[in-house]
Amino acid sequence: MSDESDSFDRPADRESPVGEPVVRADPSVTGERADEAVGFDPDDPESVGLATDVVRSFAENTVGSEDHVYVLRGAAACAALVRGVGSYKVAAERAGGDVSVAFIRKWARVHDLPQAIRRHVARGTIAPTAAKHIARVSGDDRHALAWATLDHDLTVREIRSLASEVGDGTSVESALADRGLTLGRMAATLPPAQYIELRRRASIEDRDPDDLLTEALDAYLDV
């Protein structure tokens, strides 16, 4: 990503408290299941005990799961357990069974993704297994990889490969370009009146409609 994009005040990590079901408890995202949302308080021993049970159950049932809300709950439990006991190693020992340090680490990182990305995981538009790889990168690269996933219908295998390349120092933009994809390319459908006027002004000013849209978004988003 460019230095310019890094200057934007855009969170790349979780801002709400660890274990708090901000997305899972939002009816606009999870519908009726919002009432089922369970929070985990890493400072409350009883809540950490609950998180321990959830992590163990999550580890035994996560493979092949298509229940995105359930996965986010498991990720929250992993993050709260780690915070509550102080280390990944102790968290894995506390959970027991087949729970490994690697398992807890990768799902705790998913819980630490910014809310904008976690909302897509809850909606099912970004698969939890894809989110694991998006969480491996840092900063604005997380957003870039997540939005490219949506815009280009990337598979989990492609996302895993991209995350590895970015982790090795390649920019998301370059990694996508190597696959014939463009970062930032997305389809937009405008109301007829706006579409006609945009095309008219672009023609009069001898400019590309993309440039006019970018200017309008710069003003609206203040970036």
# chains A, B, ... in the order shown; residues from 1 in each chain; ligands from 1
call {"tool": "residues_around", "arguments": {"residues": "Cys78 (chain A)", "least_positions_apart": "3", "cutoff": "10 Å", "atoms": "only C-alpha atoms", "output": "ChimeraX atom specification"}}
result
/A:18-19,40,48,51-52,54-56,58-59,72-75,81-84,88,91-92,95,103-111
call {"tool": "closest_atom_pairs", "arguments": {"of": "region 41-157 of chain A", "to": "region 183-198 of chain A", "cutoff": "12 Å", "atoms": "only C-alpha atoms", "output": "CSV"}}
result
residue,atom,partner,partner_atom,distance
A:Asp141,CA,A:Leu183,CA,11.1
A:His143,CA,A:Leu183,CA,11.0
A:Ala144,CA,A:Leu183,CA,7.4
A:Leu145,CA,A:Leu183,CA,8.8
A:Ala146,CA,A:Leu183,CA,10.8
A:Trp147,CA,A:Gly184,CA,8.2
A:Ala148,CA,A:Leu183,CA,6.3
A:Thr149,CA,A:Leu183,CA,10.0
A:Leu150,CA,A:Met186,CA,9.1
A:Asp151,CA,A:Met186,CA,5.8
A:His152,CA,A:Met186,CA,8.3
A:Asp153,CA,A:Met186,CA,11.2
call {"tool": "atom_distance", "arguments": {"atom1": "CA of Gly97 (chain A)", "atom2": "CA of Lys132 (chain A)"}}
result
21.6 Å
call {"tool": "closest_residue", "arguments": {"among": "A:Arg207, A:Arg24, A:Arg10, A:Arg200", "to": "Arg123 (chain A)", "atoms": "only C-alpha atoms"}}
result
A:Arg24
call {"tool": "residues_around", "arguments": {"residues": "Glu20 (chain A)", "least_positions_apart": "4", "cutoff": "9 Å", "atoms": "only C-alpha atoms", "output": "PyMOL selection string"}}
result
chain A and resi 16+24-25+38-41+76
call {"tool": "select_by_dssp", "arguments": {"residues": "region 3-183 of chain A", "states": "alpha helix (DSSP H)", "output": "PyMOL selection string"}}
result
chain A and resi 3-6+27-30+45-61+68-85+88-95+101-111+115-123+128-134+140-152+156-167+172-177
call {"tool": "write_last_selection", "arguments": {"atoms": "C-alpha atoms", "output": "mmCIF file, in the first residue's frame"}}
result
data_model
loop_
_atom_site.group_PDB
_atom_site.id
_atom_site.type_symbol
_atom_site.label_atom_id
_atom_site.label_comp_id
_atom_site.auth_asym_id
_atom_site.auth_seq_id
_atom_site.Cartn_x
_atom_site.Cartn_y
_atom_site.Cartn_z
ATOM 1 C CA ASP A 3 2.292 5.986 2.140
ATOM 2 C CA GLU A 4 -0.718 8.160 1.317
ATOM 3 C CA SER A 5 -3.213 5.434 2.181
ATOM 4 C CA ASP A 6 -1.394 4.799 5.461
ATOM 5 C CA PRO A 27 -29.648 -7.545 14.406
ATOM 6 C CA SER A 28 -28.874 -5.787 11.129
ATOM 7 C CA VAL A 29 -26.063 -8.302 10.590
ATOM 8 C CA THR A 30 -27.131 -11.515 12.313
ATOM 9 C CA PRO A 45 -12.645 -15.757 35.834
ATOM 10 C CA GLU A 46 -16.126 -17.202 35.335
ATOM 11 C CA SER A 47 -16.354 -15.718 31.845
ATOM 12 C CA VAL A 48 -12.873 -17.014 31.029
ATOM 13 C CA GLY A 49 -14.075 -20.450 32.130
ATOM 14 C CA LEU A 50 -16.974 -20.187 29.691
ATOM 15 C CA ALA A 51 -14.560 -19.089 26.956
ATOM 16 C CA THR A 52 -12.437 -22.156 27.700
ATOM 17 C CA ASP A 53 -15.400 -24.472 27.148
ATOM 18 C CA VAL A 54 -16.366 -22.676 23.956
ATOM 19 C CA VAL A 55 -12.813 -22.870 22.563
ATOM 20 C CA ARG A 56 -12.660 -26.605 23.196
ATOM 21 C CA SER A 57 -16.037 -27.147 21.526
ATOM 22 C CA PHE A 58 -15.092 -24.823 18.679
ATOM 23 C CA ALA A 59 -11.881 -26.738 18.004
ATOM 24 C CA GLU A 60 -13.813 -29.980 17.784
ATOM 25 C CA ASN A 61 -16.494 -28.669 15.414
ATOM 26 C CA HIS A 68 -20.305 -17.846 10.340
ATOM 27 C CA VAL A 69 -21.796 -16.476 13.554
ATOM 28 C CA TYR A 70 -20.740 -19.616 15.424
ATOM 29 C CA VAL A 71 -17.213 -19.188 14.078
ATOM 30 C CA LEU A 72 -17.042 -15.561 15.205
ATOM 31 C CA ARG A 73 -18.196 -16.659 18.649
ATOM 32 C CA GLY A 74 -15.395 -19.228 18.751
ATOM 33 C CA ALA A 75 -12.889 -16.602 17.622
ATOM 34 C CA ALA A 76 -14.066 -14.274 20.395
ATOM 35 C CA ALA A 77 -13.638 -17.058 22.941
ATOM 36 C CA CYS A 78 -10.085 -17.693 21.706
ATOM 37 C CA ALA A 79 -9.162 -14.022 22.044
ATOM 38 C CA ALA A 80 -10.724 -13.688 25.496
ATOM 39 C CA LEU A 81 -9.081 -16.875 26.759
ATOM 40 C CA VAL A 82 -5.642 -15.708 25.621
ATOM 41 C CA ARG A 83 -6.129 -12.320 27.230
ATOM 42 C CA GLY A 84 -7.487 -13.898 30.381
ATOM 43 C CA VAL A 85 -4.641 -16.373 30.983
ATOM 44 C CA TYR A 88 -1.274 -18.679 23.808
ATOM 45 C CA LYS A 89 0.521 -21.639 25.382
ATOM 46 C CA VAL A 90 -1.391 -21.446 28.660
ATOM 47 C CA ALA A 91 -4.645 -20.884 26.742
ATOM 48 C CA ALA A 92 -4.100 -24.077 24.719
ATOM 49 C CA GLU A 93 -3.253 -26.028 27.872
ATOM 50 C CA ARG A 94 -6.338 -24.677 29.643
ATOM 51 C CA ALA A 95 -8.635 -25.611 26.745
ATOM 52 C CA VAL A 101 -1.388 -22.797 20.125
ATOM 53 C CA ALA A 102 -1.635 -22.296 16.354
ATOM 54 C CA PHE A 103 -5.406 -22.847 16.435
ATOM 55 C CA ILE A 104 -5.976 -20.274 19.159
ATOM 56 C CA ARG A 105 -3.605 -17.751 17.596
ATOM 57 C CA LYS A 106 -5.181 -17.789 14.134
ATOM 58 C CA TRP A 107 -8.749 -17.448 15.407
ATOM 59 C CA ALA A 108 -7.849 -14.787 17.980
ATOM 60 C CA ARG A 109 -6.417 -12.787 15.084
ATOM 61 C CA VAL A 110 -9.745 -13.073 13.255
ATOM 62 C CA HIS A 111 -11.474 -11.654 16.339
ATOM 63 C CA GLN A 115 -15.346 -4.352 12.540
ATOM 64 C CA ALA A 116 -15.873 -3.511 8.862
ATOM 65 C CA ILE A 117 -14.272 -6.834 7.885
ATOM 66 C CA ARG A 118 -15.865 -8.885 10.680
ATOM 67 C CA ARG A 119 -19.299 -7.744 9.511
ATOM 68 C CA HIS A 120 -18.693 -9.401 6.152
ATOM 69 C CA VAL A 121 -17.619 -12.585 7.918
ATOM 70 C CA ALA A 122 -20.868 -12.561 9.898
ATOM 71 C CA ARG A 123 -22.884 -11.966 6.722
ATOM 72 C CA PRO A 128 -14.158 -17.487 8.029
ATOM 73 C CA THR A 129 -11.388 -19.584 6.473
ATOM 74 C CA ALA A 130 -10.577 -16.613 4.217
ATOM 75 C CA ALA A 131 -10.651 -14.239 7.194
ATOM 76 C CA LYS A 132 -7.930 -16.332 8.848
ATOM 77 C CA HIS A 133 -5.570 -15.454 5.999
ATOM 78 C CA ILE A 134 -6.648 -11.811 5.802
ATOM 79 C CA ASP A 140 -4.259 -1.224 5.428
ATOM 80 C CA ASP A 141 -3.325 -4.453 3.632
ATOM 81 C CA ARG A 142 -6.096 -6.133 5.641
ATOM 82 C CA HIS A 143 -8.689 -3.830 4.124
ATOM 83 C CA ALA A 144 -7.190 -4.086 0.648
ATOM 84 C CA LEU A 145 -7.202 -7.878 0.715
ATOM 85 C CA ALA A 146 -10.706 -8.074 2.206
ATOM 86 C CA TRP A 147 -12.254 -5.722 -0.349
ATOM 87 C CA ALA A 148 -10.403 -7.399 -3.212
ATOM 88 C CA THR A 149 -11.905 -10.663 -1.987
ATOM 89 C CA LEU A 150 -15.374 -9.186 -2.423
ATOM 90 C CA ASP A 151 -14.726 -7.423 -5.721
ATOM 91 C CA HIS A 152 -12.930 -10.277 -7.471
ATOM 92 C CA VAL A 156 -9.793 -19.171 -0.045
ATOM 93 C CA ARG A 157 -6.795 -20.714 -1.805
ATOM 94 C CA GLU A 158 -6.165 -17.483 -3.722
ATOM 95 C CA ILE A 159 -6.470 -15.404 -0.552
ATOM 96 C CA ARG A 160 -4.045 -17.690 1.265
ATOM 97 C CA SER A 161 -1.530 -17.295 -1.552
ATOM 98 C CA LEU A 162 -1.979 -13.520 -1.665
ATOM 99 C CA ALA A 163 -1.568 -13.213 2.108
ATOM 100 C CA SER A 164 1.693 -15.179 1.908
ATOM 101 C CA GLU A 165 3.040 -12.900 -0.824
ATOM 102 C CA VAL A 166 2.049 -9.778 1.086
ATOM 103 C CA GLY A 167 3.663 -11.199 4.217
ATOM 104 C CA VAL A 172 -1.556 -6.232 -2.433
ATOM 105 C CA GLU A 173 -1.817 -4.160 -5.604
ATOM 106 C CA SER A 174 1.182 -5.900 -7.210
ATOM 107 C CA ALA A 175 0.106 -9.365 -6.073
ATOM 108 C CA LEU A 176 -3.310 -8.840 -7.635
ATOM 109 C CA ALA A 177 -1.828 -7.360 -10.812
#
call {"tool": "atom_distance", "arguments": {"atom1": "CA of Gly31 (chain A)", "atom2": "CA of Gly124 (chain A)"}}
result
12.9 Å
call {"tool": "atom_distance", "arguments": {"atom1": "CA of Pro21 (chain A)", "atom2": "CA of Gly86 (chain A)"}}
result
21.0 Å
